[in-house]
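J.: Got a structure here, written out as structure tokens. Questions coming.
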Amino acid sequence: MLVEIGIGTFDNDAYKSYLMVIDTASSTIWIQCEDCRKPPEGHCFPQKEDPFPNSKSKSYIPSEPSSSYSEQYADGSYSIGLNAKETFTFPSTSSSSSRLKFPNIDFGCGTNNNIPKAKDTKLPMAGILGMGAGKGSFINQIVKQFGGKFSYCFVRSDMESPPPMYLRFGTNIKPLRSSKTIKLLKDSGSFYAVTMVDIGVNGKKLHLNEAQMFGPNTKFRGLVIDSGGELTHISKGAYDVVVKELDKYFSKYKREFKKESSRSALCYSRIKGANGYNNIPGVTFYFEGGAQLDIIPEGTFHSLGEKIVPKMADYNLFLYMNDQ
């Protein structure tokens with residue numbers, strides 16, 4: 001989930017364009033800066049563009065007194081650097097010549113950064129645009145202009161020619177023809193969280209109880225919306241029931257699917273060879289207030305040639321949003 005952003009101010013009022021990951025589970029904004037190339041403290045992850053040349057930007061303002069930030073993520077990625085202010089510019093959808101410009105945005109200028117999955121591959125991303133509910137997130141820094149409203153439309157990752165997607169703010173958000181609103185939890189801190197009440201497999205509700213849904217010792221009763229992650233995490237109690245139902249479903253197709261021994265909790269291979277997502281069940285999430293999210297098989301399972309795998313490592317990784 002990437003968005004193109006112009007950062008800084010250079011000659012002729014130009015800016016440097018970068019792709020940043022929209023992360024609704026983080027309120028920190030950071031971008032990889034030029035000093036990541038300076039040893040011994042500096043460290044860069046490989047990216048397509050050169051790191052942001054903050055020393056050459058006319059609108060770059062370092063924090064006074066100098067202060068630092070440190071942000072770590074569940075996959076082992078991290079960014080450490082200096083707090084600063086900078087101008088962020090967005091191309092407008094209404095006119096090719098008009099732009100949305102936001103000066104003095106608090107952000108982190110990353111000098112020691114690591115993204116394990118990058119390795120030797122140059123990533124298109126240059127940093128993180130934190131859009132969480134915390135005070136420092138981008139949407140809360142521009143709350144006076146747009147009232148804290150933003151939208152972004154997801155497309156399937158296996159689309160060969162996906163349509164252009166836009167990050168929209170305030171009144172620029174287009175209303176949906178048919179939708180249901182889910183109330184956000186008030187006690188979820190810097191996260192956006194909703195209450196999920198049940199899970200279904202192939203249209204069948206599993207009737208999970210609270211202990212199964214959230215765990216017996218968990219006070220938090222919400223599902224966090226994290227646009228920066230590819231996987232959905234569920235509790236062990238819910239996971240066990242879902243796996244049991246999936247096993248039951250595939251037992252009806254013994255001539256087509258064979259259960260494999262795998263480090264993942266559930267892995268099936270097609271006996272007759274690859275056949276796409278035929279006869280593979282979808283999953284439904286049911287939310288408080290009557291809303292539901294129907295997830296098609298392509299969004300529920302990860303295809304590995306003749307094998308299909310619900311991306312489950314340990315008990316809490318369930319849904320994989322990619323297809324190969």
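Ordered as shown in the structure tokens, chains take letters A, B, and onward, while each chain numbers its residues from 1 and ligands are numbered from 1 in the order shown.
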Need the shell around A:Gly127: protein/DNA/RNA residues with any atom at most 8 Å away, counting only C-alpha atoms. Skip same-chain ones fewer than 4 positions apart. Format as a PyMOL selection string?

T.: chain A and resi 19-21+29-32

J.: Which residues are near A:Phe10? Cut-off 12 Å, only C-alpha atoms, ignore same chain within fewer than 3 positions. Put them as a list in words.

T.: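 Using only C-alpha atoms, the neighbours found are Gly6, Ile7, Asp13, Ala14, Tyr15, Lys16, Ser17, Phe52, Pro53, Asn54, Ser55, Lys56, Ser57, Lys58, Ser59, Tyr60, Glu86 and Thr87 of chain A.
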
J.: Could the residues in this selection be saved with C-alpha atoms as a PDB file, in the first residue's frame?

T.:
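Contents of result32.pdb, freshly written:
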ATOM      1  CA  GLY A   6       6.909  15.007  -2.702  1.00  0.00           C
ATOM      2  CA  ILE A   7       9.291  15.871   0.125  1.00  0.00           C
ATOM      3  CA  ASP A  13      10.282  25.096  -5.818  1.00  0.00           C
ATOM      4  CA  ALA A  14      10.857  21.484  -6.855  1.00  0.00           C
ATOM      5  CA  TYR A  15      10.631  18.516  -4.498  1.00  0.00           C
ATOM      6  CA  LYS A  16      11.935  14.952  -4.421  1.00  0.00           C
ATOM      7  CA  SER A  17       9.305  12.277  -5.102  1.00  0.00           C
ATOM      8  CA  PHE A  52      16.455  11.997   0.847  1.00  0.00           C
ATOM      9  CA  PRO A  53      19.121  14.779   0.651  1.00  0.00           C
ATOM     10  CA  ASN A  54      17.873  16.690   3.688  1.00  0.00           C
ATOM     11  CA  SER A  55      20.962  18.945   3.868  1.00  0.00           C
ATOM     12  CA  LYS A  56      20.057  20.429   0.465  1.00  0.00           C
ATOM     13  CA  SER A  57      16.370  21.041   1.165  1.00  0.00           C
ATOM     14  CA  LYS A  58      15.416  24.666   1.851  1.00  0.00           C
ATOM     15  CA  SER A  59      12.438  23.655   4.016  1.00  0.00           C
ATOM     16  CA  TYR A  60      14.194  21.089   6.226  1.00  0.00           C
ATOM     17  CA  GLU A  86       9.721  19.248   6.387  1.00  0.00           C
ATOM     18  CA  THR A  87       7.274  20.186   3.630  1.00  0.00           C
TER      19      THR A  87
END

J.: Which of stretch 101-149 of chain A end up as helix (DSSP H, G or I) when DSSP is run on this backbone - answer as a PyMOL selection string?

T.: chain A and resi 138-141+143-146

J.: Could you turn the residues from that selection into a file that holds C-alpha atoms, as a short mmCIF file (atom, residue, chain, number, x, y, z; two decimals), in the first residue's frame?

T.:
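Printed below is result-v2.cif as written:
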data_model
loop_
_atom_site.label_atom_id
_atom_site.label_comp_id
_atom_site.auth_asym_id
_atom_site.auth_seq_id
_atom_site.Cartn_x
_atom_site.Cartn_y
_atom_site.Cartn_z
CA PHE A 138 0.16 12.52 9.27
CA ILE A 139 -3.64 12.62 9.33
CA ASN A 140 -3.65 14.14 12.83
CA GLN A 141 -1.04 16.73 11.88
CA VAL A 143 -6.63 17.46 11.15
CA LYS A 144 -7.61 21.15 10.97
CA GLN A 145 -7.74 21.05 7.17
CA PHE A 146 -9.52 17.73 6.70
#

J.: In Å to one decimal, how far is atom CA of A:Ser66 from atom CA of A:Asn83?

T.: 7.4 Å

J.: Write down as an mmCIF file with N, CA and C atoms, in the first residue's frame the residues of stretch 104-185 of chain A whose backbone DSSP state falls under strand (DSSP E).

T.:
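Saved as part35.cif:
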data_model
loop_
_atom_site.group_PDB
_atom_site.id
_atom_site.type_symbol
_atom_site.label_atom_id
_atom_site.label_comp_id
_atom_site.auth_asym_id
_atom_site.auth_seq_id
_atom_site.Cartn_x
_atom_site.Cartn_y
_atom_site.Cartn_z
ATOM 1 N N ASN A 104 6.018 22.174 7.453
ATOM 2 C CA ASN A 104 6.299 21.918 8.874
ATOM 3 C C ASN A 104 5.670 20.631 9.405
ATOM 4 N N ILE A 105 5.736 19.571 8.615
ATOM 5 C CA ILE A 105 5.267 18.263 9.072
ATOM 6 C C ILE A 105 6.369 17.608 9.899
ATOM 7 N N ASP A 106 6.020 17.196 11.117
ATOM 8 C CA ASP A 106 6.977 16.480 11.964
ATOM 9 C C ASP A 106 7.241 15.095 11.379
ATOM 10 N N PHE A 107 8.504 14.750 11.221
ATOM 11 C CA PHE A 107 8.847 13.437 10.671
ATOM 12 C C PHE A 107 10.219 13.021 11.180
ATOM 13 N N GLY A 108 10.572 11.774 10.906
ATOM 14 C CA GLY A 108 11.875 11.260 11.290
ATOM 15 C C GLY A 108 12.781 11.134 10.085
ATOM 16 N N CYS A 109 13.994 11.650 10.217
ATOM 17 C CA CYS A 109 14.991 11.559 9.150
ATOM 18 C C CYS A 109 15.881 10.359 9.482
ATOM 19 N N GLY A 110 15.609 9.219 8.844
ATOM 20 C CA GLY A 110 16.244 7.963 9.217
ATOM 21 C C GLY A 110 17.692 7.846 8.781
ATOM 22 N N THR A 111 18.578 7.578 9.741
ATOM 23 C CA THR A 111 20.005 7.424 9.437
ATOM 24 C C THR A 111 20.504 6.002 9.669
ATOM 25 N N ASN A 112 19.751 5.218 10.433
ATOM 26 C CA ASN A 112 20.102 3.817 10.684
ATOM 27 C C ASN A 112 18.839 2.998 10.450
ATOM 28 N N ASN A 113 18.742 2.403 9.267
ATOM 29 C CA ASN A 113 17.498 1.756 8.857
ATOM 30 C C ASN A 113 17.759 0.339 8.362
ATOM 31 N N ASN A 114 16.813 -0.542 8.622
ATOM 32 C CA ASN A 114 16.974 -1.917 8.163
ATOM 33 C C ASN A 114 15.613 -2.528 7.863
ATOM 34 N N MET A 125 9.837 1.459 -1.870
ATOM 35 C CA MET A 125 9.514 2.324 -0.731
ATOM 36 C C MET A 125 10.748 3.024 -0.183
ATOM 37 N N ALA A 126 10.525 4.231 0.344
ATOM 38 C CA ALA A 126 11.622 4.996 0.935
ATOM 39 C C ALA A 126 11.387 5.287 2.403
ATOM 40 N N GLY A 127 10.194 4.923 2.898
ATOM 41 C CA GLY A 127 9.889 5.196 4.292
ATOM 42 C C GLY A 127 8.452 4.849 4.621
ATOM 43 N N ILE A 128 8.001 5.302 5.793
ATOM 44 C CA ILE A 128 6.669 4.998 6.301
ATOM 45 C C ILE A 128 5.882 6.286 6.513
ATOM 46 N N LEU A 129 4.643 6.310 6.026
ATOM 47 C CA LEU A 129 3.729 7.412 6.309
ATOM 48 C C LEU A 129 2.758 6.932 7.375
ATOM 49 N N GLY A 130 3.061 7.236 8.639
ATOM 50 C CA GLY A 130 2.203 6.817 9.738
ATOM 51 C C GLY A 130 0.863 7.526 9.678
ATOM 52 N N PHE A 150 -9.728 10.321 5.899
ATOM 53 C CA PHE A 150 -8.945 9.902 4.737
ATOM 54 C C PHE A 150 -9.480 8.580 4.214
ATOM 55 N N SER A 151 -9.181 8.276 2.968
ATOM 56 C CA SER A 151 -9.618 7.009 2.381
ATOM 57 C C SER A 151 -8.584 6.520 1.386
ATOM 58 N N ARG A 168 -7.113 9.922 -0.448
ATOM 59 C CA ARG A 168 -7.990 11.093 -0.456
ATOM 60 C C ARG A 168 -8.198 11.624 0.960
ATOM 61 N N PHE A 169 -8.431 12.933 1.049
ATOM 62 C CA PHE A 169 -8.641 13.581 2.338
ATOM 63 C C PHE A 169 -9.945 14.374 2.333
#

J.: To one decimal place, how far is atom CA of A:Thr121 from atom CA of A:Leu2 in Å?

T.: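 Going from atom CA of A:Thr121 over to atom CA of A:Leu2 covers 17.1 Å.
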
J.: Nearest residue to A:Val241 out of A:Gln212, A:Asn172, A:Ser27, A:Thr218, using only C-alpha atoms?

T.: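 Result for the nearest residue to A:Val241: A:Gln212.
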
J.: Between atom CA of A:Ser63 and atom CA of A:Gly136, measure the distance and give it in Å to one decimal.

T.: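 It comes out at 14.3 Å.
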
J.: Using only C-alpha atoms, which of the listed residues (A:Leu185, A:Ala74, A:Leu246, A:Ile173) sits closest to A:Ser26?

T.: A:Ala74

J.: Which is closest to A:Phe301 among A:Gly8, A:Ile280, A:Pro39, A:Pro216, if we use only C-alpha atoms?

T.: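 For A:Phe301, the nearest of the candidates is A:Ile280.
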
J.: Excluding A:Leu206 and any residue of its chain fewer than 5 positions from it, enumerate the residues within 8 Å of it, using only C-alpha atoms, and give them as a PyMOL selection string.

T.: chain A and resi 198-201+241-242
